[in-house]
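**Student:** As input, take work.cif (mmCIF, C-alpha atoms and all ligand atoms):
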```
data_data
#
loop_
_atom_site.label_atom_id
_atom_site.label_comp_id
_atom_site.auth_asym_id
_atom_site.auth_seq_id
_atom_site.Cartn_x
_atom_site.Cartn_y
_atom_site.Cartn_z
CA MET A 1312 24.39 18.27 -21.82
CA ARG A 1313 21.78 20.43 -20.13
CA THR A 1314 19.61 18.98 -17.39
CA LYS A 1315 15.86 19.65 -17.31
CA PRO A 1316 14.85 22.12 -14.56
CA LEU A 1317 12.64 19.57 -12.76
CA ASP A 1318 15.44 16.99 -12.65
CA ARG A 1319 17.88 19.63 -11.47
CA LEU A 1320 15.55 20.83 -8.70
CA LEU A 1321 14.78 17.31 -7.50
CA PHE A 1322 18.49 16.58 -7.37
CA THR A 1323 19.35 19.70 -5.37
CA GLN A 1324 16.38 19.06 -3.03
CA GLY A 1325 17.55 15.48 -2.38
CA GLY A 1326 14.50 14.01 -4.13
CA GLU A 1327 12.13 15.64 -1.62
CA CYS A 1328 9.26 18.11 -1.97
CA PHE A 1329 10.54 21.61 -1.14
CA PHE A 1330 7.68 22.22 1.31
CA CYS A 1331 6.64 18.95 3.00
CA ARG A 1332 10.00 17.19 2.54
CA GLN A 1333 8.36 13.88 1.66
CA PRO A 1334 10.06 11.74 -1.00
CA LEU A 1335 8.80 13.08 -4.31
CA PRO A 1336 8.74 10.79 -7.38
CA ARG A 1337 9.39 12.70 -10.61
CA GLU A 1338 5.94 11.88 -12.04
CA GLU A 1339 4.27 13.46 -8.96
CA ALA A 1340 6.51 16.53 -8.94
CA SER A 1341 5.77 19.90 -10.43
CA ILE A 1342 7.60 23.18 -10.70
CA GLU A 1343 6.36 25.91 -8.38
CA HIS A 1344 7.30 29.53 -9.07
CA LEU A 1345 7.68 31.10 -5.62
CA VAL A 1346 6.77 34.48 -7.07
CA ALA A 1347 4.20 33.55 -9.73
CA VAL A 1348 5.05 34.46 -13.31
CA THR A 1349 1.79 36.46 -13.38
CA HIS A 1350 3.22 38.53 -10.50
CA GLY A 1351 6.45 39.18 -12.37
CA GLY A 1352 8.36 36.15 -11.06
CA LYS A 1353 11.35 34.99 -13.07
CA ASP A 1354 11.57 31.57 -14.67
CA ASN A 1355 14.97 30.78 -13.23
CA ASP A 1356 16.40 28.55 -10.50
CA GLU A 1357 16.30 31.32 -7.90
CA ASN A 1358 12.52 31.45 -8.14
CA ILE A 1359 11.54 27.83 -8.78
CA VAL A 1360 11.23 24.77 -6.53
CA ALA A 1361 9.97 21.23 -7.10
CA CYS A 1362 6.94 20.34 -5.00
CA CYS A 1363 3.86 18.12 -4.79
CA GLN A 1364 1.37 18.82 -7.59
CA ALA A 1365 -1.52 19.23 -5.14
CA LEU A 1366 0.23 22.10 -3.38
CA ASN A 1367 1.20 23.71 -6.67
CA THR A 1368 -2.49 23.60 -7.67
CA LEU A 1369 -3.56 25.07 -4.33
CA PHE A 1370 -1.03 27.91 -4.56
CA GLY A 1371 -2.27 28.74 -8.05
CA ARG A 1372 -1.83 32.47 -8.56
CA MET A 1373 -1.45 33.35 -4.89
CA SER A 1374 1.05 36.05 -4.05
CA LEU A 1375 4.18 35.03 -2.16
CA LYS A 1376 2.66 36.63 0.94
CA GLU A 1377 -0.47 34.47 0.67
CA LYS A 1378 1.64 31.35 0.22
CA LEU A 1379 3.66 32.17 3.32
CA THR A 1380 0.40 32.69 5.21
CA VAL A 1381 -0.73 29.18 4.21
CA ILE A 1382 2.60 27.75 5.35
CA LEU A 1383 2.76 29.66 8.63
CA LYS A 1384 -0.84 28.79 9.54
CA GLN A 1385 0.09 25.13 9.76
CA GLN A 1386 1.38 23.84 13.06
CA GLY A 1387 4.23 21.34 13.09
CA PRO A 1388 5.79 19.99 9.91
CA PHE A 1389 4.29 21.29 6.70
CA HIS A 1390 1.97 18.83 4.93
CA CYS A 1391 1.08 19.16 1.26
CA PRO A 1392 -2.67 18.60 0.68
CA ALA A 1393 -2.55 15.09 -0.78
CA ARG A 1394 0.17 13.98 1.64
CA GLN A 1395 -1.86 14.54 4.80
CA ALA A 1396 -3.27 11.02 5.00
CA ALA A 1397 0.08 9.34 4.54
CA ALA A 1398 1.77 11.64 7.02
CA SER A 1399 -0.79 11.08 9.79
CA ALA A 1400 -0.71 7.32 9.20
CA SER A 1401 3.00 7.31 9.92
CA ALA A 1402 2.77 9.68 12.91
CA ALA A 1403 4.48 8.69 16.15
CA PRO A 1404 2.30 6.48 18.40
CA GLY A 1405 2.23 9.13 21.14
CA THR A 1406 0.66 11.74 18.90
CA ALA A 1407 -1.81 9.32 17.29
CA SER A 1408 -3.88 8.68 20.43
CA THR A 1409 -4.81 12.32 21.11
CA ALA A 1410 -5.79 12.93 17.48
CA ALA A 1411 -7.65 9.63 16.98
CA ALA A 1412 -11.24 10.67 17.73
CA PRO A 1413 -11.52 13.83 15.58
CA ALA A 1414 -9.41 12.25 12.83
CA THR A 1415 -11.97 9.45 12.59
CA ALA A 1416 -14.83 11.94 12.36
CA LEU A 1417 -12.80 13.76 9.70
CA GLN A 1418 -12.27 10.49 7.81
CA ALA A 1419 -16.03 9.87 7.85
CA VAL A 1420 -16.64 13.32 6.40
CA LEU A 1421 -13.89 12.95 3.77
CA LYS A 1422 -15.36 9.61 2.70
CA GLY A 1423 -18.81 11.18 2.34
CA LEU A 1424 -17.39 14.07 0.32
CA ARG A 1425 -15.45 11.74 -1.96
CA LYS A 1426 -18.62 9.78 -2.72
CA ARG A 1427 -20.40 12.94 -3.85
CA GLY A 1428 -17.97 13.61 -6.67
CA ASN A 1429 -18.97 16.85 -8.38
CA ALA A 1430 -22.16 17.21 -6.32
CA ARG A 1431 -20.26 18.77 -3.41
CA PRO A 1432 -21.53 22.00 -1.80
CA ARG A 1433 -20.17 25.23 -3.27
CA THR A 1434 -20.63 27.38 -0.17
CA LEU A 1435 -19.33 27.11 3.40
CA ASP A 1436 -22.87 27.25 4.81
CA ALA A 1437 -24.03 24.33 2.66
CA LEU A 1438 -20.89 22.35 3.49
CA THR A 1439 -21.35 22.97 7.23
CA ALA A 1440 -24.87 21.54 7.00
CA LEU A 1441 -23.62 18.53 5.02
CA VAL A 1442 -20.76 17.88 7.48
CA ALA A 1443 -23.24 17.90 10.39
CA SER A 1444 -25.45 15.34 8.66
CA LEU A 1445 -22.50 13.16 7.59
CA LEU A 1446 -21.29 13.11 11.21
CA GLU A 1447 -24.71 12.03 12.50
CA GLN A 1448 -25.09 9.39 9.78
CA ASN A 1449 -21.75 7.90 10.85
CA GLY A 1450 -22.50 7.85 14.57
CA PHE A 1451 -20.61 11.01 15.53
CA SER A 1452 -21.99 14.04 17.31
CA ALA A 1453 -22.96 17.04 15.20
CA LYS A 1454 -21.12 19.03 17.89
CA GLU A 1455 -17.91 18.00 16.11
CA THR A 1456 -18.97 19.94 13.01
CA LYS A 1457 -17.01 23.05 13.99
CA ASP A 1458 -13.86 21.04 14.66
CA VAL A 1459 -14.14 19.12 11.38
CA MET A 1460 -14.75 22.35 9.43
CA ALA A 1461 -11.66 23.86 11.07
CA ARG A 1462 -9.60 20.85 10.04
CA LEU A 1463 -10.91 20.92 6.46
CA THR A 1464 -9.80 24.53 6.23
CA ARG A 1465 -6.53 24.25 8.13
CA GLN A 1466 -5.39 21.17 6.22
CA HIS A 1467 -6.40 22.82 2.92
CA TYR A 1468 -8.88 20.15 1.87
CA ILE A 1469 -11.04 23.07 0.77
CA ASP A 1470 -10.04 26.25 -0.99
CA VAL A 1471 -12.36 28.97 0.32
CA GLN A 1472 -12.84 32.56 -0.78
CA ASP A 1473 -15.57 34.84 0.62
CA ARG A 1474 -17.39 31.82 2.11
CA ARG A 1475 -17.56 30.21 -1.33
CA ILE A 1476 -15.70 26.96 -1.97
CA ASN A 1477 -13.52 27.23 -5.05
CA ALA A 1478 -12.12 23.71 -4.94
CA TYR A 1479 -11.91 20.49 -2.97
CA LEU A 1480 -8.46 18.95 -2.53
CA LEU A 1481 -9.36 15.67 -0.89
CA PRO A 1482 -6.64 13.18 0.04
CA PRO A 1483 -6.80 9.83 -1.73
CA SER A 1484 -8.92 7.12 -0.07
CA GLN A 1485 -7.12 4.82 2.35
CA GLY A 1486 -9.35 1.91 1.37
ZN ZN B 1501 4.95 18.17 -0.73
#
```
Will you turn the file into structure tokens for me?

**Tutor:**
Amino acid sequence: MRTKPLDRLLFTQGGECFFCRQPLPREEASIEHLVAVTHGGKDNDENIVACCQALNTLFGRMSLKEKLTVILKQQGPFHCPARQAAASASAAPGTASTAAAPATALQAVLKGLRKRGNARPRTLDALTALVASLLEQNGFSAKETKDVMARLTRQHYIDVQDRRINAYLLPPSQG
């Protein structure tokens, strides 16, 4: 009996996402071609891994070099886009205190963006203006705009190309 590629990958990866190493239920897993098929990548086990769907979506048709850039730009353990919230919630107490203030400002911005649905800004300039106003509405200083924008980019909540925003990859609401 042949096993399906996804089952086989999940088994060899110990049931974890290849990149963020969080437990990965089968229904949330997807097959990522390290070298995309559109770039000549093969559809065999040497070129495929099981990973979180959100990361697979983000990687899209990126070249392997671009994917590695995304991975190397992160500091500390790699977090897939939709796993960020869960990972920071379970962070060690020592690391939580230093990150608390900006993370809260970030949460306020994420909440505001979620509410907007499809009416989110399509350019970095428009988003920067919106982030500043969301911060002020929620009692934060607009001076944090730069920091929040950096986090949105670094944590891949936004997919940006030439100062235009191609996609939002917001983590699920924490209630
Ligand atoms: Zn993952």

**Student:** If you measure from atom CA of A:Glu1455 to atom CA of A:Thr1439, what distance in Å do you get, rounded to one decimal?

**Tutor:**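 Calculated distance between atom CA of A:Glu1455 and atom CA of A:Thr1439 is 10.7 Å.
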
**Student:** Compare A:Ile1342, A:Leu1424, A:Leu1445, A:Val1471 by their minimum atom-to-atom distance to ligand ZN 1501 (chain B), counting all atoms listed in the file, and give me the closest one.

**Tutor:** A:Ile1342

**Student:** For ligand ZN 1501 (chain B), list the contacting residues at 7 Å or closer, counting all atoms listed in the file, as a list of chain:residue names.

**Tutor:**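 So, counting all atoms listed in the file, the residues near ligand ZN 1501 (chain B) are A:Cys1328, A:Phe1329, A:Phe1330, A:Cys1331, A:Arg1332, A:Gln1333, A:Cys1362, A:Cys1363, A:Leu1366, A:His1390, A:Cys1391, A:Arg1394.
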
**Student:** If you take every atom of stretch 1325-1337 of chain A that the file lists and fit an axis-aligned box around them with 4 Å extra on each side, what centre and edge lengths come out in Å to one decimal, as AutoDock Vina command-line options?

**Tutor:**
```
--center_x 12.1 --center_y 16.5 --center_z -3.8 --size_x 18.9 --size_y 19.4 --size_z 21.6
```

**Student:** So how many Å separate atom CA of A:Met1460 and atom CA of A:Leu1421, to one decimal?

**Tutor:**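 Separation between atom CA of A:Met1460 and atom CA of A:Leu1421: 11.0 Å.
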
**Student:** With all atoms listed in the file as the counted atoms, please give the residues lying no more than 9 Å from A:Asp1356, apart from itself and same-chain residues fewer than 3 positions off, as a list in words.

**Tutor:**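 The residues satisfying every condition are Pro1316, Leu1320, Lys1353, Ile1359 and Val1360 of chain A.
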
**Student:** When you count only C-alpha atoms, which of these residues is closest to A:Gly1325: A:Leu1383, A:Ala1361, A:Leu1441, A:Ala1478?

**Tutor:**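 Among the listed residues, A:Ala1361 lies closest to A:Gly1325.
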
**Student:** For A:Thr1464, list every protein, DNA or RNA residue within 12 Å, evaluated using only C-alpha atoms, and leave out those in the same chain fewer than 6 positions away; present the list as a VMD selection string.

**Tutor:** chain A and resid 1381 1384 to 1385 1392 1417 1435 1438 to 1439 1457 to 1458 1470 to 1472 1474 1476 1478 to 1481

**Student:** Can you tell me how far atom CA of A:Leu1379 sits from atom CA of A:Asp1436, in Å to one decimal?

**Tutor:**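 Taking atom CA of A:Leu1379 as the start and atom CA of A:Asp1436 as the end point, the length is 27.0 Å.
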
**Student:** Using only C-alpha atoms, can you tell me which of A:Val1346, A:Lys1315, A:Ala1393, A:Arg1462 comes closest to A:Thr1368?

**Tutor:**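 The closest residue to A:Thr1368 is A:Ala1393.
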
**Student:** Show me, as a ChimeraX atom specification, the residues that have an atom within 12 Å of A:Thr1380 when counting only C-alpha atoms, minus same-chain residues fewer than 6 positions from it.

**Tutor:** /A:1370,1373-1374,1386,1465

**Student:** Just C-alpha atoms for this one: save the residues we selected as a PDB file, in the frame of the given file.

**Tutor:**
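Saved to part.pdb:
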```
ATOM      1  CA  PHE A1370      -1.030  27.910  -4.560  1.00  0.00           C
ATOM      2  CA  MET A1373      -1.450  33.350  -4.890  1.00  0.00           C
ATOM      3  CA  SER A1374       1.050  36.050  -4.050  1.00  0.00           C
ATOM      4  CA  GLN A1386       1.380  23.840  13.060  1.00  0.00           C
ATOM      5  CA  ARG A1465      -6.530  24.250   8.130  1.00  0.00           C
TER       6      ARG A1465
END
```

**Student:** Of the candidates A:Thr1456, A:Ile1469, A:Ser1484, A:Lys1426, which one gets nearest to A:Ala1440 if we count only C-alpha atoms?

**Tutor:**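 Among the listed residues, A:Thr1456 lies closest to A:Ala1440.
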
**Student:** Please produce stretch 1422-1443 of chain A, completed to N, CA, C and O atoms, as an mmCIF file, in the coordinates of the input.

**Tutor:**
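Output file out_19.cif is given in full below:
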```
data_model
loop_
_atom_site.group_PDB
_atom_site.id
_atom_site.type_symbol
_atom_site.label_atom_id
_atom_site.label_comp_id
_atom_site.auth_asym_id
_atom_site.auth_seq_id
_atom_site.Cartn_x
_atom_site.Cartn_y
_atom_site.Cartn_z
ATOM 1 N N LYS A 1422 -14.805 10.718 3.469
ATOM 2 C CA LYS A 1422 -15.360 9.610 2.700
ATOM 3 C C LYS A 1422 -16.688 10.033 2.059
ATOM 4 O O LYS A 1422 -16.931 9.780 0.876
ATOM 5 N N GLY A 1423 -17.527 10.705 2.856
ATOM 6 C CA GLY A 1423 -18.810 11.180 2.340
ATOM 7 C C GLY A 1423 -18.637 12.177 1.206
ATOM 8 O O GLY A 1423 -19.367 12.143 0.213
ATOM 9 N N LEU A 1424 -17.643 13.056 1.360
ATOM 10 C CA LEU A 1424 -17.390 14.070 0.320
ATOM 11 C C LEU A 1424 -16.874 13.430 -0.961
ATOM 12 O O LEU A 1424 -17.250 13.824 -2.066
ATOM 13 N N ARG A 1425 -15.998 12.433 -0.787
ATOM 14 C CA ARG A 1425 -15.450 11.740 -1.960
ATOM 15 C C ARG A 1425 -16.559 11.109 -2.777
ATOM 16 O O ARG A 1425 -16.560 11.169 -3.998
ATOM 17 N N LYS A 1426 -17.511 10.470 -2.063
ATOM 18 C CA LYS A 1426 -18.620 9.780 -2.720
ATOM 19 C C LYS A 1426 -19.458 10.727 -3.579
ATOM 20 O O LYS A 1426 -20.059 10.318 -4.552
ATOM 21 N N ARG A 1427 -19.517 11.989 -3.165
ATOM 22 C CA ARG A 1427 -20.400 12.940 -3.850
ATOM 23 C C ARG A 1427 -19.834 13.417 -5.185
ATOM 24 O O ARG A 1427 -20.560 14.012 -5.982
ATOM 25 N N GLY A 1428 -18.556 13.178 -5.403
ATOM 26 C CA GLY A 1428 -17.970 13.610 -6.670
ATOM 27 C C GLY A 1428 -18.186 15.087 -6.908
ATOM 28 O O GLY A 1428 -17.855 15.913 -6.069
ATOM 29 N N ASN A 1429 -18.794 15.435 -8.026
ATOM 30 C CA ASN A 1429 -18.970 16.850 -8.380
ATOM 31 C C ASN A 1429 -20.185 17.483 -7.717
ATOM 32 O O ASN A 1429 -20.448 18.667 -7.910
ATOM 33 N N ALA A 1430 -20.939 16.676 -6.948
ATOM 34 C CA ALA A 1430 -22.160 17.210 -6.320
ATOM 35 C C ALA A 1430 -21.862 17.792 -4.937
ATOM 36 O O ALA A 1430 -22.729 17.852 -4.093
ATOM 37 N N ARG A 1431 -20.617 18.236 -4.717
ATOM 38 C CA ARG A 1431 -20.260 18.770 -3.410
ATOM 39 C C ARG A 1431 -20.738 20.219 -3.268
ATOM 40 O O ARG A 1431 -20.804 20.935 -4.265
ATOM 41 N N PRO A 1432 -21.043 20.625 -2.012
ATOM 42 C CA PRO A 1432 -21.530 22.000 -1.800
ATOM 43 C C PRO A 1432 -20.520 23.033 -2.288
ATOM 44 O O PRO A 1432 -19.312 22.815 -2.220
ATOM 45 N N ARG A 1433 -21.048 24.160 -2.766
ATOM 46 C CA ARG A 1433 -20.170 25.230 -3.270
ATOM 47 C C ARG A 1433 -20.057 26.394 -2.285
ATOM 48 O O ARG A 1433 -19.380 27.370 -2.577
ATOM 49 N N THR A 1434 -20.754 26.306 -1.159
ATOM 50 C CA THR A 1434 -20.630 27.380 -0.170
ATOM 51 C C THR A 1434 -20.297 26.771 1.186
ATOM 52 O O THR A 1434 -20.598 25.602 1.444
ATOM 53 N N LEU A 1435 -19.683 27.569 2.064
ATOM 54 C CA LEU A 1435 -19.330 27.110 3.400
ATOM 55 C C LEU A 1435 -20.569 26.743 4.207
ATOM 56 O O LEU A 1435 -20.571 25.769 4.941
ATOM 57 N N ASP A 1436 -21.652 27.528 4.059
ATOM 58 C CA ASP A 1436 -22.870 27.250 4.810
ATOM 59 C C ASP A 1436 -23.443 25.886 4.426
ATOM 60 O O ASP A 1436 -23.819 25.095 5.289
ATOM 61 N N ALA A 1437 -23.491 25.610 3.117
ATOM 62 C CA ALA A 1437 -24.030 24.330 2.660
ATOM 63 C C ALA A 1437 -23.126 23.179 3.109
ATOM 64 O O ALA A 1437 -23.602 22.115 3.514
ATOM 65 N N LEU A 1438 -21.817 23.407 3.072
ATOM 66 C CA LEU A 1438 -20.890 22.350 3.490
ATOM 67 C C LEU A 1438 -21.036 22.075 4.985
ATOM 68 O O LEU A 1438 -21.018 20.923 5.414
ATOM 69 N N THR A 1439 -21.192 23.135 5.783
ATOM 70 C CA THR A 1439 -21.350 22.970 7.230
ATOM 71 C C THR A 1439 -22.569 22.086 7.525
ATOM 72 O O THR A 1439 -22.499 21.173 8.352
ATOM 73 N N ALA A 1440 -23.661 22.342 6.808
ATOM 74 C CA ALA A 1440 -24.870 21.540 7.000
ATOM 75 C C ALA A 1440 -24.621 20.082 6.595
ATOM 76 O O ALA A 1440 -25.035 19.144 7.295
ATOM 77 N N LEU A 1441 -23.911 19.883 5.491
ATOM 78 C CA LEU A 1441 -23.620 18.530 5.020
ATOM 79 C C LEU A 1441 -22.713 17.801 6.013
ATOM 80 O O LEU A 1441 -22.928 16.624 6.321
ATOM 81 N N VAL A 1442 -21.684 18.497 6.520
ATOM 82 C CA VAL A 1442 -20.760 17.880 7.480
ATOM 83 C C VAL A 1442 -21.523 17.419 8.716
ATOM 84 O O VAL A 1442 -21.336 16.295 9.192
ATOM 85 N N ALA A 1443 -22.441 18.266 9.207
ATOM 86 C CA ALA A 1443 -23.240 17.900 10.390
ATOM 87 C C ALA A 1443 -24.027 16.623 10.114
ATOM 88 O O ALA A 1443 -24.063 15.706 10.946
#
```
